[in-house]
Structure formats: structure tokens, C-alpha cells
Amino acid sequence: MNRHRLGRRGVLRGLSATAAASFATGVRAAGTIQMISHRYPALEYYAEKMRTAIPGVTVNTQLMPIDKALELATIALSSKSDSPDIVYASDTSVQTFVRNGWFRPLDDLWAKYRSEFKLDDFPDSVLKTYTIGGHLYVMPHTINTMMFFYRKDLLDAAGKAPPTSFVEYRDLAKSFNSPLRAGAVSCLKPVDAAINEAHWYLNALGDGWFDSDWKPVFNDARGVQAIEMMQQIARYAQPSFTTAANDECTIAYQQDTGVMGLQWATRAKAMDDPQKSRVVGKIDWEAPPQGHARVSSDGYAISAFSKQDPDTLFRIIATSAGPSSMRGAAGLLIPPRRSLLDDPDLKQANRFYPAALASLQTGQAAPALPEFYAVGEFITRRILQAVTGEMPVKAALDTAANETTAFLKGHGYYQ
């Protein structure tokens, strides 16, 4: 993201005056609880649950693209503003926010409300993501995984099976590419979307992002080959793929302008929405070829600087993540509760579940490096230069590795 370094003026320019004033200065309507969050269908659902969680308590939920949400939260929390109160967190952003002392530990509240909200239903593997230094900081709301979306009707008509390797993916994308629809749907807008796609290539075909000492390995011989494969497949991508993020790629599938590619499981249900999609029932899903695509999770934390009653804030978050609430959202995400993951009715009602569960088994989380999205700012831009031919692949990755090393060294690594 270098979401934390995009600049206060640029961020506030992209937000409403009300939102900017509220979060950046701490000004709020009396008694109103402020929540700031990333936006996608599942999180929009949970925002509504927060708004109605406690009768008589007003929760102002402001949702926006992930880069703006995290940047705005950073502006407010770095100045120790008492607004926002409830803050969106992901498996990557939590590292930075906790390290900076911006989140309140939830251990006491978790123990207090364990029985009421059936908190033992959360798997330990999910809670581990948000447990740092022995303390839990975030209540999980989603598990997400990237799946391989493809037009089953088109592949069936051509007598083709979905790809099981990148070579097959490349060759199928080439065979289906036409002026009518792109053979591949690629999401390479820096920073988040490009990181998601590069993560798959670098981990499935390369040695990942870093070694055990956080030194870059994405520019080694296997990393170069991985991005060269990305470059080859991008030849068959939809127009403007370099500025496409999740929303744009979801629309490409829905509007029948792309055949196959990587996308989050949370976008699968939208393929069958007759109000938005022209391909209802025509798209299917598999675990991404050769595995190692990104898995992620997100949820909500309490600001360390909030002056609101922490019990009230916790109850709002816990109500939105309760069993009945998550059951209602199960068509929009993979619910991080044991009871729902094993529910046969949910598996039957959501035809993407088998592929999502298979993708989880072969997926890989992003590096647990607090500065990962900060260095991702220039890594993804160099990858984009390589994919578009602006720079040779090896030169672009070497440049990104040098920039990454200098940045991390300046932040106390490699001593």
C-alpha cells in the first residue's frame, strides 16, 4: 500500500470533507461512534450489522477503498485522535498498527464476553493471525482466498478443461483472446491489486518475496521467470489492466469482457447476481493453478485512543461477527467460525464453497512484515514496468530489490 506514505493532502482530497474533518481532527457528533473500513460486499453487510447492533447507539460507518481507509486511519491514529473508535484491520495492516500502539488489546473483553458471543467458535488458526506478543487485537470477520475464475460455458464448448499450470493458463488465454473478450483478466493496479497477483506468481513459480532475514529474493532467477510468465499472460489481458483493481476486474467478468483469471472468493457470489451480471451460471471456480495464491482475513479492532466505552465498542463488533450475522453473510465470504465452515446447508447454497475451501488449502498468506505494503509501493510499480516492457524484467526487479533493501535498512533491519 505505501498507504502509510501517500501524503495527508492527497488522501484528504479523495475523501468527503465531512469524513476528512471527522477522522483527521477528531470532531464528531455527540455520542456517535465512528467506524472506518475498507469496502466490499461482505464488509458493507457487516457495517449495516454494526449500525443496528445496539438500539439507541449511533454508529457512523464510513467505507471506502482499502488504500484510503488505511491511510485515513493512519492519519488519525498517528496523531492520537480519539476518532475513529472502530478500525478495519487486515492480516497485513495489523502488524503496523499494533507495533505503533494504535490498537487496544481485546483479551479482557474477549474473556468477559466469550460465552455470550460464542467466541470459542473461532478457530485458533484464525485468531493466531491477530495475536501479537501474546495479545489478541482484532475480531475476525472474514477469511478470504483468491480463486481461479473461468467461463465454464466457453471452456466446455471448446472441449477444454480449466488450467492446472501457468503454461496451460497462458495457452488457454491466448486461444480465447479476441476483440470481444480478453483471454485473461488481470488486476495490476498498484498497490494492493498488483501485490495480490504478483504474490501468486512469485510464490508458485518463484521463491516468494523474502528470505528468513527479510532480504529480497523476488529478483532471483526464479523470480525473474515468474514475472516473465506474468508478462506473457498479460498480453491477453483486458484493456487498462494496469489500472484495474478488484472492482474493475469483477465488472470485467460480470460484463462478459474476460474469460479467466485470479480473483477473491468474496467476489464469486456477484457473478450470479442477475441485476449486475450478464454471465449468471456461466462462471465456475477452481483452486489457482499450482497453488500459492494469496489467502487473507480481515476484521475490526478498537482504537487505543477512543474515549468511548470499550464494552460498547466490543459488543458492536461482536454482534456483527455473531453466528447469526455471519450465517447471513456466508454467501459473500468464507465465515471464520467452525460451526459455519462445516455447515452442509451453507456448502449447498454457495456453489463457490468447494473451490474456496480447496484454494484455502493450497494458499499462502502475505509476508508477516509490518512494512510489506510500504515496500510494495515501489515493488509493484517496478513489476508493472517489467510487465509493460518499460524496463527489462531482471533490471526492474533488481531495482525494486535495491529500493526495498534501502528502505528496510533505514527501518532497522539487517543490523
# chains A, B, ... in the order shown; residues from 1 in each chain; ligands from 1
call {"tool": "closest_atom_pairs", "arguments": {"of": "stretch 94-162 of chain A", "to": "stretch 284-296 of chain A", "cutoff": "12 Å", "atoms": "only C-alpha atoms", "output": "tab-separated table"}}
result
residue	atom	partner	partner_atom	distance
A:Val94	CA	A:Ser296	CA	12.0
A:Val126	CA	A:Ser296	CA	10.0
A:Thr129	CA	A:Ser296	CA	9.5
A:Tyr130	CA	A:Ser296	CA	11.6
A:Pro140	CA	A:Ser296	CA	10.8
A:His141	CA	A:Ser296	CA	11.1
A:Thr142	CA	A:Ser296	CA	8.3
A:Ile143	CA	A:Ser296	CA	6.0
A:Asn144	CA	A:Ser296	CA	5.0
A:Thr145	CA	A:Val295	CA	4.2
A:Met146	CA	A:Arg294	CA	5.8
A:Met147	CA	A:Ala287	CA	5.3
A:Phe148	CA	A:Pro288	CA	4.8
A:Phe149	CA	A:Trp285	CA	4.8
A:Tyr150	CA	A:Asp284	CA	5.6
A:Arg151	CA	A:Asp284	CA	6.3
A:Lys152	CA	A:Asp284	CA	5.7
A:Asp153	CA	A:Asp284	CA	8.8
A:Leu154	CA	A:Asp284	CA	10.8
A:Leu155	CA	A:Asp284	CA	10.4
A:Asp156	CA	A:Asp284	CA	11.2
A:Ala161	CA	A:Glu286	CA	10.8
A:Pro162	CA	A:Glu286	CA	7.8
call {"tool": "residues_around", "arguments": {"residues": "A:Phe352", "least_positions_apart": "2", "cutoff": "8 Å", "atoms": "only C-alpha atoms", "output": "JSON, numbers by chain"}}
result
{"A": [265, 268, 269, 284, 285, 350, 354, 355, 356]}
call {"tool": "write_last_selection", "arguments": {"atoms": "C-alpha atoms", "output": "compact mmCIF listing (two decimals), in the first residue's frame"}}
result
# COMPACT_ATOMS: atom_id res chain seq x y z
CA ALA A 265 -13.66 -15.59 -3.24
CA ALA A 268 -17.80 -15.05 -6.54
CA LYS A 269 -21.41 -14.52 -5.49
CA ASP A 284 -17.06 -21.58 -12.26
CA TRP A 285 -14.08 -21.70 -9.96
CA ASN A 350 -22.97 -21.37 -2.10
CA PRO A 354 -15.74 -26.18 -2.66
CA ALA A 355 -13.31 -24.13 -4.75
CA ALA A 356 -12.83 -21.64 -1.92
call {"tool": "closest_residue", "arguments": {"among": "A:Ile227, A:Ala47, A:Ala184, A:Ala234", "to": "A:Gly208", "atoms": "only C-alpha atoms"}}
result
A:Ile227
call {"tool": "atom_distance", "arguments": {"atom1": "atom CA of A:Tyr88", "atom2": "atom CA of A:Ile36"}}
result
6.3 Å
call {"tool": "closest_residue", "arguments": {"among": "A:Ile317, A:Val279, A:Leu106, A:Leu384", "to": "A:Ala53", "atoms": "only C-alpha atoms"}}
result
A:Ile317
call {"tool": "closest_residue", "arguments": {"among": "A:Tyr300, A:Lys174, A:Met230, A:Tyr137", "to": "A:His199", "atoms": "only C-alpha atoms"}}
result
A:Met230
call {"tool": "atom_distance", "arguments": {"atom1": "atom CA of A:Trp200", "atom2": "atom CA of A:Gly133"}}
result
29.0 Å
call {"tool": "closest_residue", "arguments": {"among": "A:Ile54, A:Met260, A:Ala244, A:Val393", "to": "A:Val191", "atoms": "only C-alpha atoms"}}
result
A:Ala244
call {"tool": "select_by_dssp", "arguments": {"residues": "stretch 54-128 of chain A", "states": "alpha helix (DSSP H)", "output": "PyMOL selection string"}}
result
chain A and resi 66-78+93-99+107-112+124-128
call {"tool": "closest_residue", "arguments": {"among": "A:Lys347, A:Arg338, A:Arg381, A:His38", "to": "A:Ser90", "atoms": "only C-alpha atoms"}}
result
A:His38
call {"tool": "atom_distance", "arguments": {"atom1": "atom CA of A:Lys215", "atom2": "atom CA of A:Phe407"}}
result
11.2 Å
call {"tool": "decode", "arguments": {"residues": "stretch 343-381 of chain A", "atoms": "N, CA and C atoms", "output": "PDB file, in the first residue's frame"}}
result
ATOM      1  N   ASP A 343     -21.006 -26.348   7.970  1.00  0.00           N
ATOM      2  CA  ASP A 343     -22.457 -26.417   7.799  1.00  0.00           C
ATOM      3  C   ASP A 343     -22.814 -26.917   6.402  1.00  0.00           C
ATOM      4  N   PRO A 344     -23.485 -28.061   6.278  1.00  0.00           N
ATOM      5  CA  PRO A 344     -23.791 -28.608   4.947  1.00  0.00           C
ATOM      6  C   PRO A 344     -24.752 -27.745   4.146  1.00  0.00           C
ATOM      7  N   ASP A 345     -25.671 -27.051   4.817  1.00  0.00           N
ATOM      8  CA  ASP A 345     -26.613 -26.200   4.091  1.00  0.00           C
ATOM      9  C   ASP A 345     -25.897 -25.024   3.422  1.00  0.00           C
ATOM     10  N   LEU A 346     -24.918 -24.453   4.111  1.00  0.00           N
ATOM     11  CA  LEU A 346     -24.177 -23.340   3.524  1.00  0.00           C
ATOM     12  C   LEU A 346     -23.344 -23.811   2.340  1.00  0.00           C
ATOM     13  N   LYS A 347     -22.769 -24.985   2.456  1.00  0.00           N
ATOM     14  CA  LYS A 347     -21.991 -25.517   1.339  1.00  0.00           C
ATOM     15  C   LYS A 347     -22.874 -25.729   0.115  1.00  0.00           C
ATOM     16  N   GLN A 348     -24.100 -26.182   0.355  1.00  0.00           N
ATOM     17  CA  GLN A 348     -25.017 -26.441  -0.758  1.00  0.00           C
ATOM     18  C   GLN A 348     -25.519 -25.135  -1.369  1.00  0.00           C
ATOM     19  N   ALA A 349     -25.722 -24.116  -0.535  1.00  0.00           N
ATOM     20  CA  ALA A 349     -26.287 -22.852  -1.016  1.00  0.00           C
ATOM     21  C   ALA A 349     -25.272 -21.969  -1.740  1.00  0.00           C
ATOM     22  N   ASN A 350     -24.007 -22.218  -1.525  1.00  0.00           N
ATOM     23  CA  ASN A 350     -22.966 -21.370  -2.105  1.00  0.00           C
ATOM     24  C   ASN A 350     -22.055 -22.233  -2.967  1.00  0.00           C
ATOM     25  N   ARG A 351     -22.298 -22.212  -4.252  1.00  0.00           N
ATOM     26  CA  ARG A 351     -21.628 -23.165  -5.129  1.00  0.00           C
ATOM     27  C   ARG A 351     -20.134 -22.913  -5.282  1.00  0.00           C
ATOM     28  N   PHE A 352     -19.649 -21.747  -4.817  1.00  0.00           N
ATOM     29  CA  PHE A 352     -18.213 -21.485  -4.873  1.00  0.00           C
ATOM     30  C   PHE A 352     -17.461 -22.052  -3.674  1.00  0.00           C
ATOM     31  N   TYR A 353     -18.154 -22.543  -2.637  1.00  0.00           N
ATOM     32  CA  TYR A 353     -17.500 -23.007  -1.418  1.00  0.00           C
ATOM     33  C   TYR A 353     -16.453 -24.099  -1.665  1.00  0.00           C
ATOM     34  N   PRO A 354     -16.765 -25.144  -2.458  1.00  0.00           N
ATOM     35  CA  PRO A 354     -15.741 -26.177  -2.660  1.00  0.00           C
ATOM     36  C   PRO A 354     -14.434 -25.620  -3.214  1.00  0.00           C
ATOM     37  N   ALA A 355     -14.529 -24.715  -4.190  1.00  0.00           N
ATOM     38  CA  ALA A 355     -13.314 -24.126  -4.751  1.00  0.00           C
ATOM     39  C   ALA A 355     -12.622 -23.228  -3.730  1.00  0.00           C
ATOM     40  N   ALA A 356     -13.418 -22.522  -2.934  1.00  0.00           N
ATOM     41  CA  ALA A 356     -12.828 -21.639  -1.921  1.00  0.00           C
ATOM     42  C   ALA A 356     -12.068 -22.455  -0.879  1.00  0.00           C
ATOM     43  N   LEU A 357     -12.674 -23.543  -0.420  1.00  0.00           N
ATOM     44  CA  LEU A 357     -12.008 -24.377   0.580  1.00  0.00           C
ATOM     45  C   LEU A 357     -10.760 -25.030  -0.001  1.00  0.00           C
ATOM     46  N   ALA A 358     -10.833 -25.447  -1.267  1.00  0.00           N
ATOM     47  CA  ALA A 358      -9.652 -26.025  -1.926  1.00  0.00           C
ATOM     48  C   ALA A 358      -8.553 -24.969  -2.076  1.00  0.00           C
ATOM     49  N   SER A 359      -8.955 -23.749  -2.370  1.00  0.00           N
ATOM     50  CA  SER A 359      -7.973 -22.666  -2.516  1.00  0.00           C
ATOM     51  C   SER A 359      -7.317 -22.327  -1.188  1.00  0.00           C
ATOM     52  N   LEU A 360      -8.086 -22.392  -0.100  1.00  0.00           N
ATOM     53  CA  LEU A 360      -7.516 -22.155   1.218  1.00  0.00           C
ATOM     54  C   LEU A 360      -6.426 -23.167   1.539  1.00  0.00           C
ATOM     55  N   GLN A 361      -6.655 -24.407   1.145  1.00  0.00           N
ATOM     56  CA  GLN A 361      -5.700 -25.477   1.445  1.00  0.00           C
ATOM     57  C   GLN A 361      -4.387 -25.303   0.691  1.00  0.00           C
ATOM     58  N   THR A 362      -4.433 -24.678  -0.480  1.00  0.00           N
ATOM     59  CA  THR A 362      -3.213 -24.517  -1.272  1.00  0.00           C
ATOM     60  C   THR A 362      -2.675 -23.095  -1.220  1.00  0.00           C
ATOM     61  N   GLY A 363      -3.353 -22.202  -0.496  1.00  0.00           N
ATOM     62  CA  GLY A 363      -2.985 -20.794  -0.498  1.00  0.00           C
ATOM     63  C   GLY A 363      -1.849 -20.458   0.443  1.00  0.00           C
ATOM     64  N   GLN A 364      -1.419 -19.222   0.386  1.00  0.00           N
ATOM     65  CA  GLN A 364      -0.290 -18.756   1.182  1.00  0.00           C
ATOM     66  C   GLN A 364      -0.523 -17.307   1.583  1.00  0.00           C
ATOM     67  N   ALA A 365      -0.321 -17.029   2.857  1.00  0.00           N
ATOM     68  CA  ALA A 365      -0.522 -15.671   3.363  1.00  0.00           C
ATOM     69  C   ALA A 365       0.598 -14.753   2.908  1.00  0.00           C
ATOM     70  N   ALA A 366       0.329 -13.472   2.939  1.00  0.00           N
ATOM     71  CA  ALA A 366       1.354 -12.473   2.628  1.00  0.00           C
ATOM     72  C   ALA A 366       2.422 -12.479   3.717  1.00  0.00           C
ATOM     73  N   PRO A 367       3.608 -11.998   3.425  1.00  0.00           N
ATOM     74  CA  PRO A 367       4.671 -11.951   4.440  1.00  0.00           C
ATOM     75  C   PRO A 367       4.240 -11.160   5.668  1.00  0.00           C
ATOM     76  N   ALA A 368       4.583 -11.680   6.841  1.00  0.00           N
ATOM     77  CA  ALA A 368       4.232 -11.014   8.096  1.00  0.00           C
ATOM     78  C   ALA A 368       5.248  -9.927   8.414  1.00  0.00           C
ATOM     79  N   LEU A 369       5.410  -9.026   7.488  1.00  0.00           N
ATOM     80  CA  LEU A 369       6.365  -7.922   7.598  1.00  0.00           C
ATOM     81  C   LEU A 369       5.570  -6.633   7.750  1.00  0.00           C
ATOM     82  N   PRO A 370       5.723  -5.917   8.855  1.00  0.00           N
ATOM     83  CA  PRO A 370       4.927  -4.692   9.034  1.00  0.00           C
ATOM     84  C   PRO A 370       5.062  -3.708   7.883  1.00  0.00           C
ATOM     85  N   GLU A 371       6.230  -3.664   7.257  1.00  0.00           N
ATOM     86  CA  GLU A 371       6.468  -2.715   6.171  1.00  0.00           C
ATOM     87  C   GLU A 371       6.161  -3.296   4.794  1.00  0.00           C
ATOM     88  N   PHE A 372       5.463  -4.428   4.748  1.00  0.00           N
ATOM     89  CA  PHE A 372       5.275  -5.101   3.462  1.00  0.00           C
ATOM     90  C   PHE A 372       4.580  -4.206   2.438  1.00  0.00           C
ATOM     91  N   TYR A 373       3.522  -3.529   2.838  1.00  0.00           N
ATOM     92  CA  TYR A 373       2.820  -2.691   1.871  1.00  0.00           C
ATOM     93  C   TYR A 373       3.571  -1.393   1.590  1.00  0.00           C
ATOM     94  N   ALA A 374       4.401  -0.981   2.509  1.00  0.00           N
ATOM     95  CA  ALA A 374       5.222   0.202   2.242  1.00  0.00           C
ATOM     96  C   ALA A 374       6.219  -0.104   1.127  1.00  0.00           C
ATOM     97  N   VAL A 375       6.924  -1.224   1.227  1.00  0.00           N
ATOM     98  CA  VAL A 375       7.853  -1.581   0.156  1.00  0.00           C
ATOM     99  C   VAL A 375       7.104  -2.049  -1.089  1.00  0.00           C
ATOM    100  N   GLY A 376       5.873  -2.538  -0.884  1.00  0.00           N
ATOM    101  CA  GLY A 376       5.051  -2.941  -2.027  1.00  0.00           C
ATOM    102  C   GLY A 376       4.753  -1.794  -2.970  1.00  0.00           C
ATOM    103  N   GLU A 377       4.822  -0.572  -2.462  1.00  0.00           N
ATOM    104  CA  GLU A 377       4.583   0.607  -3.305  1.00  0.00           C
ATOM    105  C   GLU A 377       5.550   0.640  -4.473  1.00  0.00           C
ATOM    106  N   PHE A 378       6.832   0.466  -4.200  1.00  0.00           N
ATOM    107  CA  PHE A 378       7.767   0.527  -5.323  1.00  0.00           C
ATOM    108  C   PHE A 378       8.018  -0.831  -5.964  1.00  0.00           C
ATOM    109  N   ILE A 379       7.818  -1.943  -5.225  1.00  0.00           N
ATOM    110  CA  ILE A 379       7.964  -3.260  -5.862  1.00  0.00           C
ATOM    111  C   ILE A 379       6.935  -3.418  -6.978  1.00  0.00           C
ATOM    112  N   THR A 380       5.683  -3.097  -6.677  1.00  0.00           N
ATOM    113  CA  THR A 380       4.633  -3.301  -7.689  1.00  0.00           C
ATOM    114  C   THR A 380       4.789  -2.353  -8.867  1.00  0.00           C
ATOM    115  N   ARG A 381       5.266  -1.163  -8.625  1.00  0.00           N
ATOM    116  CA  ARG A 381       5.466  -0.233  -9.751  1.00  0.00           C
ATOM    117  C   ARG A 381       6.604  -0.710 -10.653  1.00  0.00           C
TER     118      ARG A 381
END
